[in-house]
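Student: Below is one structure. I have some questions about it.
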Amino acid sequence: MVLLQEMQFTSIQSSLSLLCLSLFSILILYFIAKKKSLSKSTGKLIPSPPKLPIIGNLHQLSSLYHQSLYSLSLKYGPIMQFHFGQVPWLIVSSSDMACAIMRTYDLTFATRPSAVIADILRYGDVAFEPYGEDWRQLKKIFTIHLMSTKKIFSFKTIREEEVRNLIGNISSHVSLSNNAPIELSKILFSFMIDVTCRVVSGKFIMEERRYDMLREVVEENFRLISRFSIGDLFPSFSWLERFIGLSRRAIRNRKKWDLLFEEVIQAHVQSEEKKKGGDNFVDIILSLKNDPSINPALTMDHMKGLMADAFAAGIDTTYVTIDWAMSELIKKPDIMKKLQEEVRRIVKHGDMVTSEDLNKMDYLKAVIKETLRLHPPLPLLLPRESMAECKINGFTIPKGTKVIINAWAIGREAKSWEAPEEFMPERFIGSQVDYKGNNFQLIPFGAGRRICPGILFATATAELALANMVHHFDWELPSEMTREEFDMSDSPGFSVHRKNELELVVKMFTPHITN
Ligand code: HEM
């Protein structure tokens, strides 16, 4: 019995010593860590909302990331740190700070961070390629050979023909539907697929099966890159990626892209068009394949990447711009009327608005700018990462910092915009402010080295479609809905759509004949 008691006592004693030893070790580790973090942060600490262990700041994020980050920036400032799970990001929410990142330190922040899903989906493309020789060459090809001002002009016929088809589709609906609402979001999405397919690969991709497949892969791409996968949030748990992450879905989608691109490229290699020097992306890229000035030579992966850039970056963003513009116009009939007056004054009733007419339409251009200010299709742009340490606003930003620039918040900055929540195209009349990367209060296309190379193409297409839609038709809300009830909520996602697809009643415009 005594022996047993002694044994118990000894065991309690040794447990206590083990406990003390553990506590002592934890304390030592804590002080070492504290000392380390203090010695690291010799400058000002970047403001950050309070975070929780493991999940970081995820609990402060709604599904509308751009809106949650905007609200937090009002409290914590235009430059703040936010932990997505275990990973710290720098969130930039003012035009001054965006200028520091994309102009003052443009080269420092010219690379993209790696991300589990984007790394699976991307080829040698421009949008997600890390900064370096490969990216420089691909961007040059994109801006000089595929999307130069001359090339965009040469795509004019495609844009005009496709807008004519769009107007034809809407007219058929008017004559057949007996005032039932038209599913405008869907029609605009198809319109952008048609335009982009023709620019990228000429006519033949329009075959029904490929068309459906393209729609499916583009939509799935956006769904996938809109979400953080487990490996992005918790790098120490990346091994779980194979079981519960999104990687498997991304691999499946990548295979579909592969199939689609290989079929298209193969068909072009065999076609007569190429021999005549076709004027679409695939033929141009094929002709560059043997160009000695392109060094290193283009691989199949680069070719697929350049096509993916146009499909993934161009379709969704441009259709969303027209969709939001129509939504704002239907909500504000005075602005719709003013726009219709401008277009109908310049273009005769029954005629199509042409690309040349657009240059005379200042109010139309102001409507598109105002739409991009309030509804930048990629509200958080594309992420950046610092390649060296730098100092911004007194804060030391270490090398390897991942950065999000909130263009949605910047479009609402009180310092730059009067009545920022109001849709007022008039603010741009007589103003020099543009979206081409020089005015940091309006950056829907980003700025600096990584600026979007599709600006001219996207805006020319959106302007032409919108001008013709308001020229030929009058638009109304479905009869049961009031303007106050009309929902303008955002959908969650990487590119921000309307939460509810746009459905409107449409009528042919017939001018009043006055004697
Ligand atoms: C309204 C339509 C569009 C919007 C709002 C938009 C927006 C953007 C944004 C925010 C970026 C990132 C810029 C940065 O990091 O600073 C970007 C990059 C890019 N966009 Fe667009 N885009 C649009 C249309 C297009 C079109 C039509 C194309 C091509 C056909 C295109 C091709 C690209 C490419 C290739 C990049 C990557 C540039 C790089 O990383 O160097 N975009 N776009």
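By order of appearance in the structure tokens: chains A, B, ..., then residues from 1 within every chain, and ligands from 1 in the order shown.
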Counting only C-alpha atoms and all ligand atoms, which residues in chain A sit no more than 8 Å from ligand 1? For each one, give the nearest pair of atoms and the distance in Å, sorted by chain then residue number, as a tab-separated table.
Tutor:
```
residue	atom	partner	partner_atom_place_in_ligand_line	distance
A:Met102	CA	ligand 1	16 (O)	7.3
A:Arg112	CA	ligand 1	40 (O)	7.9
A:Asp125	CA	ligand 1	35 (C)	7.4
A:Val126	CA	ligand 1	35 (C)	5.0
A:Ala127	CA	ligand 1	37 (C)	3.4
A:Phe128	CA	ligand 1	40 (O)	6.1
A:Glu129	CA	ligand 1	40 (O)	7.0
A:Trp135	CA	ligand 1	41 (O)	7.4
A:Lys139	CA	ligand 1	41 (O)	6.0
A:Phe142	CA	ligand 1	35 (C)	7.0
A:Met147	CA	ligand 1	30 (C)	7.4
A:Thr196	CA	ligand 1	30 (C)	7.4
A:Leu306	CA	ligand 1	35 (C)	7.4
A:Asp309	CA	ligand 1	35 (C)	4.8
A:Ala310	CA	ligand 1	30 (C)	3.8
A:Phe311	CA	ligand 1	30 (C)	6.9
A:Ala312	CA	ligand 1	32 (C)	8.0
A:Ala313	CA	ligand 1	42 (N)	4.6
A:Gly314	CA	ligand 1	27 (C)	3.5
A:Ile315	CA	ligand 1	27 (C)	6.5
A:Asp316	CA	ligand 1	2 (C)	7.7
A:Thr317	CA	ligand 1	2 (C)	4.3
A:Thr318	CA	ligand 1	1 (C)	4.1
A:Tyr319	CA	ligand 1	1 (C)	7.6
A:Val320	CA	ligand 1	1 (C)	7.5
A:Thr321	CA	ligand 1	1 (C)	5.8
A:Leu372	CA	ligand 1	5 (C)	7.3
A:Pro376	CA	ligand 1	5 (C)	5.9
A:Pro377	CA	ligand 1	5 (C)	5.0
A:Leu378	CA	ligand 1	10 (C)	5.5
A:Pro379	CA	ligand 1	10 (C)	7.5
A:Leu380	CA	ligand 1	10 (C)	7.4
A:Leu381	CA	ligand 1	10 (C)	3.9
A:Leu382	CA	ligand 1	12 (C)	4.7
A:Pro383	CA	ligand 1	15 (O)	6.5
A:Arg384	CA	ligand 1	15 (O)	6.8
A:Ile443	CA	ligand 1	10 (C)	7.4
A:Pro444	CA	ligand 1	5 (C)	5.2
A:Phe445	CA	ligand 1	10 (C)	3.9
A:Gly446	CA	ligand 1	16 (O)	3.3
A:Ala447	CA	ligand 1	16 (O)	4.6
A:Gly448	CA	ligand 1	16 (O)	6.4
A:Arg449	CA	ligand 1	41 (O)	6.4
A:Arg450	CA	ligand 1	41 (O)	3.6
A:Ile451	CA	ligand 1	16 (O)	4.2
A:Cys452	CA	ligand 1	18 (C)	3.7
A:Pro453	CA	ligand 1	33 (C)	5.3
A:Gly454	CA	ligand 1	28 (C)	3.7
A:Ile455	CA	ligand 1	24 (C)	5.8
A:Leu456	CA	ligand 1	27 (C)	7.9
A:Phe457	CA	ligand 1	27 (C)	5.6
A:Ala458	CA	ligand 1	27 (C)	4.5
A:Thr459	CA	ligand 1	1 (C)	6.4
A:Ala462	CA	ligand 1	1 (C)	7.8
```
Student: Using only C-alpha atoms, find each residue of range 373-413 of chain A with at least one atom at most 12 Å away from an atom of range 420-426 of chain A; report its shortest atom-to-atom pair and that distance in Å (one decimal), sort the rows by chain and rising residue number, and return the result as JSON lines.
Tutor:
```
{"residue": "A:Arg373", "atom": "CA", "partner": "A:Phe423", "partner_atom": "CA", "distance": 9.2}
{"residue": "A:Leu374", "atom": "CA", "partner": "A:Glu421", "partner_atom": "CA", "distance": 7.5}
{"residue": "A:His375", "atom": "CA", "partner": "A:Phe423", "partner_atom": "CA", "distance": 10.4}
{"residue": "A:Trp408", "atom": "CA", "partner": "A:Pro420", "partner_atom": "CA", "distance": 11.1}
{"residue": "A:Ala409", "atom": "CA", "partner": "A:Pro420", "partner_atom": "CA", "distance": 10.1}
{"residue": "A:Ile410", "atom": "CA", "partner": "A:Pro420", "partner_atom": "CA", "distance": 9.9}
{"residue": "A:Gly411", "atom": "CA", "partner": "A:Pro420", "partner_atom": "CA", "distance": 7.4}
{"residue": "A:Arg412", "atom": "CA", "partner": "A:Pro420", "partner_atom": "CA", "distance": 5.0}
{"residue": "A:Glu413", "atom": "CA", "partner": "A:Pro420", "partner_atom": "CA", "distance": 7.0}
```
Student: With a distance cut-off of 12 Å and only C-alpha atoms, select the neighbouring residues of range 392-403 of chain A, excluding the residue or stretch itself and same-chain residues fewer than 5 positions from it, and output the selection as JSON, numbers by chain.
Tutor: {"A": [40, 41, 42, 43, 44, 45, 46, 47, 77, 78, 79, 80, 81, 82, 83, 84, 87, 88, 89, 90, 91, 92, 93, 96, 97, 98, 99, 100, 101, 102, 104, 105, 108, 109, 110, 111, 112, 113, 114, 115, 232, 380, 381, 382, 383, 384, 385, 386, 387]}
Student: Which value, in Å to one decimal, gives the distance between CA of Val496 in chain A and CA of Arg248 in chain A?
Tutor: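 Interatomic distance here is 24.5 Å.
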Student: If you run DSSP on this backbone, which residues of range 83-325 of chain A come out as strand (DSSP E or B), and could you give them as a PyMOL selection string?
Tutor: chain A and resi 83-84+87-92+111+182-183
Student: Let's have the selection written as a CSV table (one decimal), in the first residue's frame, with all heavy atoms.
Tutor:
```
chain,number,residue,atom,x,y,z
A,83,HIS,N,-5.5,38.8,-42.7
A,83,HIS,CA,-5.0,37.4,-42.8
A,83,HIS,C,-6.1,36.6,-43.4
A,83,HIS,O,-7.2,36.4,-42.8
A,83,HIS,CB,-4.7,36.9,-41.4
A,83,HIS,CG,-3.3,37.2,-41.0
A,83,HIS,ND1,-2.9,38.5,-40.6
A,83,HIS,CD2,-2.1,36.5,-41.0
A,83,HIS,CE1,-1.7,38.5,-40.3
A,83,HIS,NE2,-1.1,37.3,-40.6
A,84,PHE,N,-5.9,36.1,-44.6
A,84,PHE,CA,-6.8,35.1,-45.2
A,84,PHE,C,-6.3,33.7,-44.7
A,84,PHE,O,-5.3,33.2,-45.2
A,84,PHE,CB,-6.7,35.1,-46.7
A,84,PHE,CG,-7.4,36.3,-47.4
A,84,PHE,CD1,-6.7,37.5,-47.6
A,84,PHE,CD2,-8.8,36.2,-47.7
A,84,PHE,CE1,-7.3,38.6,-48.2
A,84,PHE,CE2,-9.4,37.3,-48.3
A,84,PHE,CZ,-8.7,38.5,-48.5
A,87,VAL,N,-2.4,33.3,-44.1
A,87,VAL,CA,-1.6,34.1,-45.0
A,87,VAL,C,-1.9,35.6,-44.9
A,87,VAL,O,-3.1,36.0,-45.2
A,87,VAL,CB,-1.8,33.6,-46.4
A,87,VAL,CG1,-0.8,34.3,-47.4
A,87,VAL,CG2,-1.5,32.1,-46.5
A,88,PRO,N,-0.9,36.4,-44.6
A,88,PRO,CA,-1.2,37.9,-44.5
A,88,PRO,C,-1.2,38.5,-45.9
A,88,PRO,O,-0.3,38.1,-46.8
A,88,PRO,CB,0.0,38.4,-43.7
A,88,PRO,CG,1.1,37.4,-43.9
A,88,PRO,CD,0.5,36.1,-44.2
A,89,TRP,N,-2.1,39.4,-46.2
A,89,TRP,CA,-2.2,40.1,-47.4
A,89,TRP,C,-2.2,41.6,-47.1
A,89,TRP,O,-2.7,42.0,-46.0
A,89,TRP,CB,-3.5,39.8,-48.2
A,89,TRP,CG,-3.5,38.5,-48.9
A,89,TRP,CD1,-3.6,37.2,-48.3
A,89,TRP,CD2,-3.4,38.2,-50.3
A,89,TRP,NE1,-3.6,36.2,-49.3
A,89,TRP,CE2,-3.5,36.8,-50.5
A,89,TRP,CE3,-3.4,39.0,-51.4
A,89,TRP,CZ2,-3.5,36.2,-51.8
A,89,TRP,CZ3,-3.3,38.5,-52.7
A,89,TRP,CH2,-3.4,37.1,-52.8
A,90,LEU,N,-1.7,42.4,-48.0
A,90,LEU,CA,-1.8,43.9,-47.9
A,90,LEU,C,-3.0,44.3,-48.7
A,90,LEU,O,-3.1,44.0,-49.9
A,90,LEU,CB,-0.5,44.5,-48.4
A,90,LEU,CG,-0.3,46.0,-48.1
A,90,LEU,CD1,0.1,46.1,-46.6
A,90,LEU,CD2,0.8,46.5,-49.0
A,91,ILE,N,-3.9,45.1,-48.0
A,91,ILE,CA,-5.1,45.5,-48.8
A,91,ILE,C,-5.0,47.0,-49.0
A,91,ILE,O,-4.9,47.8,-48.0
A,91,ILE,CB,-6.4,45.2,-47.9
A,91,ILE,CG1,-6.4,43.8,-47.4
A,91,ILE,CG2,-7.7,45.5,-48.8
A,91,ILE,CD1,-6.5,42.7,-48.5
A,92,VAL,N,-5.1,47.4,-50.2
A,92,VAL,CA,-4.9,48.8,-50.6
A,92,VAL,C,-6.2,49.4,-51.0
A,92,VAL,O,-6.9,48.8,-51.9
A,92,VAL,CB,-3.9,48.9,-51.7
A,92,VAL,CG1,-3.8,50.3,-52.3
A,92,VAL,CG2,-2.5,48.5,-51.2
A,111,THR,N,4.9,41.4,-60.1
A,111,THR,CA,4.6,39.9,-60.3
A,111,THR,C,3.3,39.5,-59.7
A,111,THR,O,2.6,40.3,-59.0
A,111,THR,CB,5.8,39.1,-59.7
A,111,THR,OG1,5.7,37.8,-60.3
A,111,THR,CG2,5.8,39.0,-58.2
A,182,ILE,N,-37.2,40.1,-71.6
A,182,ILE,CA,-36.1,39.5,-72.3
A,182,ILE,C,-35.0,39.2,-71.3
A,182,ILE,O,-34.7,40.0,-70.4
A,182,ILE,CB,-35.6,40.4,-73.5
A,182,ILE,CG1,-34.6,39.6,-74.3
A,182,ILE,CG2,-35.0,41.7,-73.0
A,182,ILE,CD1,-34.3,40.3,-75.6
A,183,GLU,N,-34.4,38.0,-71.4
A,183,GLU,CA,-33.3,37.7,-70.5
A,183,GLU,C,-32.0,38.3,-71.0
A,183,GLU,O,-31.2,37.7,-71.7
A,183,GLU,CB,-33.1,36.1,-70.5
A,183,GLU,CG,-34.3,35.4,-69.9
A,183,GLU,CD,-34.1,33.9,-69.8
A,183,GLU,OE1,-33.6,33.4,-70.8
A,183,GLU,OE2,-34.5,33.4,-68.8
```
Student: To one decimal place, how far is CA of Asn359 in chain A from CA of Ala467 in chain A in Å?
Tutor: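 Taking CA of Asn359 in chain A as the start and CA of Ala467 in chain A as the end point, the length is 11.6 Å.
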Student: If you measure from CA of Val218 in chain A to CA of Ala267 in chain A, what distance in Å do you get, rounded to one decimal?
Tutor: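 One can read the CA of Val218 in chain A to CA of Ala267 in chain A distance as 21.0 Å.
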Student: Given the choices A:Leu260, A:Val199, A:Gly430, A:Leu176, which gets closest to Lys156 in chain A if the distance is worked out from only C-alpha atoms?
Tutor: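 Of A:Leu260, A:Val199, A:Gly430, A:Leu176, the one nearest Lys156 in chain A, counting only C-alpha atoms, is A:Val199.
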Student: Taking only range 268-326 of chain A into account, list the residues labelled alpha helix (DSSP H) by DSSP (computed from the backbone), as a PyMOL selection string.
Tutor: chain A and resi 268-270+272-275+281-288+300-326
Student: When you count only C-alpha atoms, which of these residues is closest to Asn165 in chain A: A:Ile187, A:Phe494, A:Arg136, A:Pro292?
Tutor: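 Once distances to Asn165 in chain A are computed over only C-alpha atoms, the minimum belongs to A:Ile187.
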Student: Taking 5 positions as the minimum chain separation for residues in the same chain, which residues sit within 12 Å of Lys360 in chain A when counting only C-alpha atoms? Answer as a count of residues only.
Tutor: 13
Student: Within 8 Å of Glu503 in chain A, counting only C-alpha atoms, which residues show up once you throw out same-chain ones fewer than 3 positions away? Write them as a list in words, please.
Tutor: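 Using only C-alpha atoms, the neighbours found are Pro181, Ile182, Glu183, Leu184, Ser185, Leu477 and Pro478 of chain A.
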Student: Would you mind exporting the chosen residues as a short mmCIF file (atom, residue, chain, number, x, y, z; two decimals), in the first residue's frame, restricted to C-alpha atoms?
Tutor:
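Final output, saved to out.cif:
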```
data_model
loop_
_atom_site.label_atom_id
_atom_site.label_comp_id
_atom_site.auth_asym_id
_atom_site.auth_seq_id
_atom_site.Cartn_x
_atom_site.Cartn_y
_atom_site.Cartn_z
CA PRO A 181 -39.28 40.30 -70.39
CA ILE A 182 -36.11 39.47 -72.30
CA GLU A 183 -33.27 37.65 -70.50
CA LEU A 184 -30.77 40.40 -71.19
CA SER A 185 -27.82 39.10 -69.11
CA LEU A 477 -38.86 47.21 -65.91
CA PRO A 478 -41.18 44.18 -65.87
#
```
